[in-house]
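I have placed the structure first, in the form of structure tokens, so that the comments after it can refer back to it.
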Amino acid sequence: MKTCDVCGQSIGFVGKFKYKDGYICKKCYKKASRQFTETITQKTLAEIKLLCETERDEKAFEGFVITGRIGNYLLVDEKNYRICIPNNRMMNKKVSDPDFYDIRNIKKCELLVSPKMTLKELNEKAVHKSEDTIDYLKVCLWFKDTTKKKEMILIENPVRIKTFAFRQSYRFAERIDEEIHRLMKKVQEEAFDEAI
């Protein structure tokens with residue numbers, strides 16, 4: 001019978017979860033997947049052990065009900081007006097805990113590209129499969145109570161606009177931007193209705 005590579009507990013056929021180097025039990029999977037918010041299939045044993053040993057604020061996960069998802073970039077809890085940015089390795093280049101934000105605390109959401117151009121110009125270049133190159137593409141969130149911002153980096157190295165990698169990342173960026181703006185508008189409308 002197989003055992004969990006982290007805690008050594010026996011695992012059966014049903015209670016095992018695959019990661020890059022082997023299998024772990026459900027209890028360790030819950031920790032390694034950050035409360036089931038991301039996959040572990042590409043994580044190494046060292047990364048899994050680090051996640052399982054790291055103490056984190058479990059209260060941040062409490063009450064978060066996933067009602068929507070945009071790839072591995074954004075989880076949405078529309079019931080409680082919260083979002084979760086899972087902080088996958090593609091975005092951070094390291095293993096880190098997900099970040100949770102209240103939509104009511106978001107001041108501004110913006111899609112940024114370098115070299116700087118309007119979204120209309122970028123759309124035009126994307127439609128015509130331009131040979132131009134962009135250096136980065138990211139969605140930035142600014143908050144009401146702080147000067148800090150959160151960046152969701154979708155492209156961080158130069159890439160041609162005509163490539164599939166650009167088009168895929170750009171679609172995700174647009175969907176993230178649209179979803180956050182939709183939720184911000186919904187919060188404003190609800191606040192307006194309550195004020196009447």
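Just remember, in the structure tokens the first chain shown is A, the second B, etc., residues are 1-based per chain, and ligands are 1-based in the order shown.
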Residue list (alpha helix (DSSP H), DSSP) for chain A, as number ranges by chain = A: 26-32, 45-53, 89-92, 119-127, 164-195
Please identify all polymer residues within 8 Å of range 159-161 of chain A, counting only C-alpha atoms, omitting same-chain residues fewer than 2 positions from it, and present them as a short mmCIF file (atom, residue, chain, number, x, y, z; two decimals) with all heavy atoms, in the first residue's frame.
```cif
data_model
loop_
_atom_site.label_atom_id
_atom_site.label_comp_id
_atom_site.auth_asym_id
_atom_site.auth_seq_id
_atom_site.Cartn_x
_atom_site.Cartn_y
_atom_site.Cartn_z
N LYS A 125 -3.96 45.98 -33.12
CA LYS A 125 -2.74 45.24 -33.46
C LYS A 125 -2.96 43.72 -33.32
O LYS A 125 -2.45 42.94 -34.11
CB LYS A 125 -1.58 45.69 -32.58
CG LYS A 125 -1.09 47.08 -32.93
CD LYS A 125 0.08 47.48 -32.09
CE LYS A 125 0.51 48.88 -32.49
NZ LYS A 125 1.91 49.13 -32.29
N ALA A 126 -3.74 43.34 -32.32
CA ALA A 126 -4.02 41.91 -32.11
C ALA A 126 -4.85 41.35 -33.26
O ALA A 126 -4.58 40.26 -33.76
CB ALA A 126 -4.71 41.71 -30.78
N LYS A 129 -2.79 40.85 -36.27
CA LYS A 129 -1.63 39.99 -36.01
C LYS A 129 -0.30 40.71 -36.31
O LYS A 129 0.52 40.26 -37.10
CB LYS A 129 -1.73 38.68 -36.79
CG LYS A 129 -2.93 37.87 -36.34
CD LYS A 129 -2.98 36.54 -37.01
CE LYS A 129 -4.21 35.79 -36.49
NZ LYS A 129 -4.40 34.53 -37.14
N SER A 130 -0.16 41.81 -35.62
CA SER A 130 1.00 42.68 -35.80
C SER A 130 2.31 41.97 -35.45
O SER A 130 2.35 41.11 -34.58
CB SER A 130 0.82 43.92 -34.90
OG SER A 130 2.00 44.67 -34.84
N GLU A 131 3.37 42.37 -36.13
CA GLU A 131 4.72 41.88 -35.84
C GLU A 131 5.31 42.58 -34.62
O GLU A 131 6.37 42.19 -34.14
CB GLU A 131 5.64 42.09 -37.04
CG GLU A 131 5.34 41.19 -38.22
CD GLU A 131 5.77 39.75 -38.01
OE1 GLU A 131 6.69 39.49 -37.19
OE2 GLU A 131 5.18 38.87 -38.64
N ASP A 132 4.64 43.64 -34.13
CA ASP A 132 5.15 44.39 -32.98
C ASP A 132 5.31 43.48 -31.77
O ASP A 132 4.66 42.44 -31.65
CB ASP A 132 4.21 45.54 -32.61
CG ASP A 132 4.20 46.65 -33.65
OD1 ASP A 132 4.99 46.57 -34.61
OD2 ASP A 132 3.39 47.58 -33.50
N THR A 133 6.17 43.92 -30.85
CA THR A 133 6.45 43.17 -29.63
C THR A 133 6.02 43.98 -28.42
O THR A 133 6.17 45.20 -28.41
CB THR A 133 7.97 42.88 -29.54
OG1 THR A 133 8.35 42.12 -30.67
CG2 THR A 133 8.31 42.10 -28.29
N ILE A 134 5.47 43.30 -27.43
CA ILE A 134 5.21 43.97 -26.15
C ILE A 134 6.17 43.40 -25.12
O ILE A 134 6.61 42.25 -25.22
CB ILE A 134 3.75 43.81 -25.68
CG1 ILE A 134 3.41 42.35 -25.38
CG2 ILE A 134 2.78 44.40 -26.68
CD1 ILE A 134 2.19 42.19 -24.53
N ASP A 135 6.50 44.23 -24.12
CA ASP A 135 7.44 43.81 -23.08
C ASP A 135 6.75 43.16 -21.90
O ASP A 135 7.29 42.26 -21.27
CB ASP A 135 8.25 45.02 -22.59
CG ASP A 135 9.07 45.62 -23.71
OD1 ASP A 135 9.61 44.84 -24.53
OD2 ASP A 135 9.16 46.86 -23.78
N ILE A 155 2.16 38.51 -18.92
CA ILE A 155 3.33 38.42 -19.80
C ILE A 155 4.41 39.29 -19.18
O ILE A 155 4.16 40.47 -18.91
CB ILE A 155 3.02 38.90 -21.23
CG1 ILE A 155 1.98 37.99 -21.89
CG2 ILE A 155 4.30 38.95 -22.07
CD1 ILE A 155 1.52 38.47 -23.27
N ASN A 157 7.93 38.90 -20.31
CA ASN A 157 9.06 38.94 -21.23
C ASN A 157 8.56 39.36 -22.61
O ASN A 157 7.41 39.11 -22.95
CB ASN A 157 9.74 37.57 -21.32
CG ASN A 157 10.32 37.14 -19.99
OD1 ASN A 157 11.01 37.90 -19.34
ND2 ASN A 157 10.02 35.91 -19.58
N THR A 163 1.53 36.18 -31.80
CA THR A 163 1.68 34.82 -31.30
C THR A 163 0.46 34.33 -30.51
O THR A 163 -0.30 35.13 -29.96
CB THR A 163 2.92 34.69 -30.39
OG1 THR A 163 2.72 35.52 -29.24
CG2 THR A 163 4.18 35.07 -31.13
N ALA A 165 0.69 32.78 -27.68
CA ALA A 165 0.95 33.09 -26.27
C ALA A 165 0.40 34.47 -25.91
O ALA A 165 -0.22 34.64 -24.85
CB ALA A 165 2.45 33.04 -25.99
N PHE A 166 0.61 35.44 -26.80
CA PHE A 166 0.07 36.78 -26.53
C PHE A 166 -1.45 36.74 -26.53
O PHE A 166 -2.09 37.27 -25.61
CB PHE A 166 0.55 37.80 -27.57
CG PHE A 166 -0.22 39.08 -27.47
CD1 PHE A 166 0.08 40.01 -26.48
CD2 PHE A 166 -1.29 39.34 -28.32
CE1 PHE A 166 -0.67 41.17 -26.35
CE2 PHE A 166 -2.04 40.48 -28.20
CZ PHE A 166 -1.73 41.41 -27.22
N ARG A 167 -2.05 36.16 -27.57
CA ARG A 167 -3.52 36.16 -27.67
C ARG A 167 -4.16 35.49 -26.46
O ARG A 167 -5.15 35.99 -25.91
CB ARG A 167 -3.95 35.47 -28.97
CG ARG A 167 -3.67 36.30 -30.20
CD ARG A 167 -4.37 35.78 -31.45
NE ARG A 167 -4.25 34.35 -31.69
CZ ARG A 167 -3.26 33.77 -32.36
NH1 ARG A 167 -2.28 34.49 -32.86
NH2 ARG A 167 -3.24 32.46 -32.54
#
```
Might you pull out every residue within 8 Å of Gly12 in chain A, with only C-alpha atoms counted and same-chain residues fewer than 2 positions away left off, and present them as a PyMOL selection string?
-> chain A and resi 1-2+10+14-16
For those residues, write N, CA and C atoms to a file as a PDB file, in the first residue's frame.
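Result file is part-v5.pdb:
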```
ATOM      1  N   MET A   1       0.840  -1.182   0.000  1.00  0.00           N
ATOM      2  CA  MET A   1       0.000   0.000   0.000  1.00  0.00           C
ATOM      3  C   MET A   1       0.889   1.251   0.000  1.00  0.00           C
ATOM      4  N   LYS A   2       0.469   2.263  -0.772  1.00  0.00           N
ATOM      5  CA  LYS A   2       1.236   3.509  -0.866  1.00  0.00           C
ATOM      6  C   LYS A   2       1.080   4.341   0.390  1.00  0.00           C
ATOM      7  N   SER A  10      -0.849   6.066   5.341  1.00  0.00           N
ATOM      8  CA  SER A  10      -1.272   5.168   4.265  1.00  0.00           C
ATOM      9  C   SER A  10      -2.339   5.837   3.416  1.00  0.00           C
ATOM     10  N   VAL A  14      -8.373   5.895  -3.699  1.00  0.00           N
ATOM     11  CA  VAL A  14      -9.237   7.074  -3.777  1.00  0.00           C
ATOM     12  C   VAL A  14      -8.636   8.288  -3.083  1.00  0.00           C
ATOM     13  N   GLY A  15      -7.934   8.102  -1.992  1.00  0.00           N
ATOM     14  CA  GLY A  15      -7.457   9.238  -1.187  1.00  0.00           C
ATOM     15  C   GLY A  15      -6.070   9.729  -1.519  1.00  0.00           C
ATOM     16  N   LYS A  16      -5.598   9.514  -2.740  1.00  0.00           N
ATOM     17  CA  LYS A  16      -4.256   9.978  -3.069  1.00  0.00           C
ATOM     18  C   LYS A  16      -4.320  11.064  -4.141  1.00  0.00           C
TER      19      LYS A  16
END
```
Taking a cut-off of 7 Å and counting only C-alpha atoms, can you build a table that, for each residue of range 35-88 of chain A near range 19-23 of chain A, reports the nearest atom pair and how far apart they are in Å (one decimal), sorted by chain then residue number, as JSON lines?
```
{"residue": "A:Ile40", "atom": "CA", "partner": "A:Tyr19", "partner_atom": "CA", "distance": 5.3}
{"residue": "A:Thr41", "atom": "CA", "partner": "A:Tyr19", "partner_atom": "CA", "distance": 4.1}
{"residue": "A:Gln42", "atom": "CA", "partner": "A:Lys20", "partner_atom": "CA", "distance": 5.0}
{"residue": "A:Lys43", "atom": "CA", "partner": "A:Lys20", "partner_atom": "CA", "distance": 5.5}
{"residue": "A:Thr44", "atom": "CA", "partner": "A:Lys20", "partner_atom": "CA", "distance": 5.4}
{"residue": "A:Leu45", "atom": "CA", "partner": "A:Asp21", "partner_atom": "CA", "distance": 6.2}
```
Pairwise distance for CA of Arg171 in chain A and CA of Ile70 in chain A, rounded to one decimal in Å = 10.2 Å
Quick one: pick out all strand (DSSP E or B) residues within chain A from a backbone DSSP run and write them as number ranges by chain.
-> A: 2-3, 10-11, 16-18, 23-25, 68-70, 74-77, 82-85, 99-102, 106-114, 133-134, 136-143, 149-155, 159-160
List the neighbours of Lys144 in chain A out to 10 Å using only C-alpha atoms; skip same-chain residues closer than 4 positions along the sequence, and give me the result as number ranges by chain.
-> A: 104-108, 148
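Taking CA of Cys7 in chain A and CA of Cys28 in chain A as the two end points, the separation is 7.6 Å.
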Show which residues sit within 12 Å of Glu156 in chain A, as a list in words. Count only C-alpha atoms, and ignore same-chain residues fewer than 3 positions away.
->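 Here the qualifying residues turn out to be Met90, Met91, Asn92, Lys93, Leu112, Val113, Ser114, Thr133, Ile134, Asp135, Tyr136, Leu137, Lys138, Val139, Glu151, Met152, Ile153, Val159, Ala165, Phe166 and Ser169 of chain A.
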Got time to write the residues from that selection, N, CA and C atoms, as a PDB file, in the first residue's frame?
```
ATOM      1  N   MET A  90       3.667  30.916 -11.994  1.00  0.00           N
ATOM      2  CA  MET A  90       3.849  31.676 -13.231  1.00  0.00           C
ATOM      3  C   MET A  90       3.865  33.176 -12.943  1.00  0.00           C
ATOM      4  N   MET A  91       3.061  33.608 -11.978  1.00  0.00           N
ATOM      5  CA  MET A  91       2.976  35.028 -11.683  1.00  0.00           C
ATOM      6  C   MET A  91       4.062  35.485 -10.712  1.00  0.00           C
ATOM      7  N   ASN A  92       4.436  34.659  -9.759  1.00  0.00           N
ATOM      8  CA  ASN A  92       5.345  35.081  -8.685  1.00  0.00           C
ATOM      9  C   ASN A  92       6.749  34.514  -8.774  1.00  0.00           C
ATOM     10  N   LYS A  93       6.915  33.447  -9.533  1.00  0.00           N
ATOM     11  CA  LYS A  93       8.207  32.745  -9.610  1.00  0.00           C
ATOM     12  C   LYS A  93       8.614  32.130  -8.280  1.00  0.00           C
ATOM     13  N   LEU A 112      -2.472  47.042 -18.101  1.00  0.00           N
ATOM     14  CA  LEU A 112      -1.301  47.812 -18.525  1.00  0.00           C
ATOM     15  C   LEU A 112      -0.435  46.999 -19.477  1.00  0.00           C
ATOM     16  N   VAL A 113       0.128  47.694 -20.466  1.00  0.00           N
ATOM     17  CA  VAL A 113       0.982  47.062 -21.459  1.00  0.00           C
ATOM     18  C   VAL A 113       2.157  47.990 -21.748  1.00  0.00           C
ATOM     19  N   SER A 114       3.300  47.388 -22.081  1.00  0.00           N
ATOM     20  CA  SER A 114       4.473  48.168 -22.475  1.00  0.00           C
ATOM     21  C   SER A 114       4.993  47.610 -23.791  1.00  0.00           C
ATOM     22  N   THR A 133       6.168  43.919 -30.853  1.00  0.00           N
ATOM     23  CA  THR A 133       6.451  43.169 -29.632  1.00  0.00           C
ATOM     24  C   THR A 133       6.020  43.982 -28.420  1.00  0.00           C
ATOM     25  N   ILE A 134       5.475  43.300 -27.430  1.00  0.00           N
ATOM     26  CA  ILE A 134       5.209  43.967 -26.150  1.00  0.00           C
ATOM     27  C   ILE A 134       6.174  43.395 -25.116  1.00  0.00           C
ATOM     28  N   ASP A 135       6.499  44.227 -24.123  1.00  0.00           N
ATOM     29  CA  ASP A 135       7.442  43.813 -23.079  1.00  0.00           C
ATOM     30  C   ASP A 135       6.747  43.156 -21.901  1.00  0.00           C
ATOM     31  N   TYR A 136       5.547  43.638 -21.563  1.00  0.00           N
ATOM     32  CA  TYR A 136       4.774  43.028 -20.485  1.00  0.00           C
ATOM     33  C   TYR A 136       3.294  43.325 -20.673  1.00  0.00           C
ATOM     34  N   LEU A 137       2.484  42.514 -20.015  1.00  0.00           N
ATOM     35  CA  LEU A 137       1.040  42.689 -19.961  1.00  0.00           C
ATOM     36  C   LEU A 137       0.622  42.310 -18.559  1.00  0.00           C
ATOM     37  N   LYS A 138      -0.075  43.222 -17.884  1.00  0.00           N
ATOM     38  CA  LYS A 138      -0.496  42.933 -16.516  1.00  0.00           C
ATOM     39  C   LYS A 138      -1.787  43.649 -16.179  1.00  0.00           C
ATOM     40  N   VAL A 139      -2.473  43.112 -15.187  1.00  0.00           N
ATOM     41  CA  VAL A 139      -3.665  43.742 -14.633  1.00  0.00           C
ATOM     42  C   VAL A 139      -3.262  44.257 -13.259  1.00  0.00           C
ATOM     43  N   GLU A 151      -0.271  43.491  -8.651  1.00  0.00           N
ATOM     44  CA  GLU A 151      -0.098  43.257 -10.075  1.00  0.00           C
ATOM     45  C   GLU A 151      -0.271  41.778 -10.392  1.00  0.00           C
ATOM     46  N   MET A 152      -1.097  41.507 -11.383  1.00  0.00           N
ATOM     47  CA  MET A 152      -1.240  40.161 -11.920  1.00  0.00           C
ATOM     48  C   MET A 152      -0.520  40.169 -13.263  1.00  0.00           C
ATOM     49  N   ILE A 153       0.665  39.616 -13.295  1.00  0.00           N
ATOM     50  CA  ILE A 153       1.491  39.652 -14.500  1.00  0.00           C
ATOM     51  C   ILE A 153       1.154  38.448 -15.379  1.00  0.00           C
ATOM     52  N   VAL A 159       7.240  39.541 -26.205  1.00  0.00           N
ATOM     53  CA  VAL A 159       6.522  38.567 -27.017  1.00  0.00           C
ATOM     54  C   VAL A 159       5.859  39.299 -28.184  1.00  0.00           C
ATOM     55  N   ALA A 165       0.686  32.779 -27.684  1.00  0.00           N
ATOM     56  CA  ALA A 165       0.953  33.095 -26.265  1.00  0.00           C
ATOM     57  C   ALA A 165       0.404  34.465 -25.911  1.00  0.00           C
ATOM     58  N   PHE A 166       0.611  35.442 -26.796  1.00  0.00           N
ATOM     59  CA  PHE A 166       0.070  36.779 -26.534  1.00  0.00           C
ATOM     60  C   PHE A 166      -1.451  36.745 -26.533  1.00  0.00           C
ATOM     61  N   SER A 169      -2.875  35.076 -23.360  1.00  0.00           N
ATOM     62  CA  SER A 169      -2.667  35.916 -22.173  1.00  0.00           C
ATOM     63  C   SER A 169      -3.540  37.160 -22.222  1.00  0.00           C
TER      64      SER A 169
END
```
If you measure from CA of Phe100 in chain A to CA of Asn87 in chain A, what distance in Å do you get, rounded to one decimal?
-> 10.4 Å
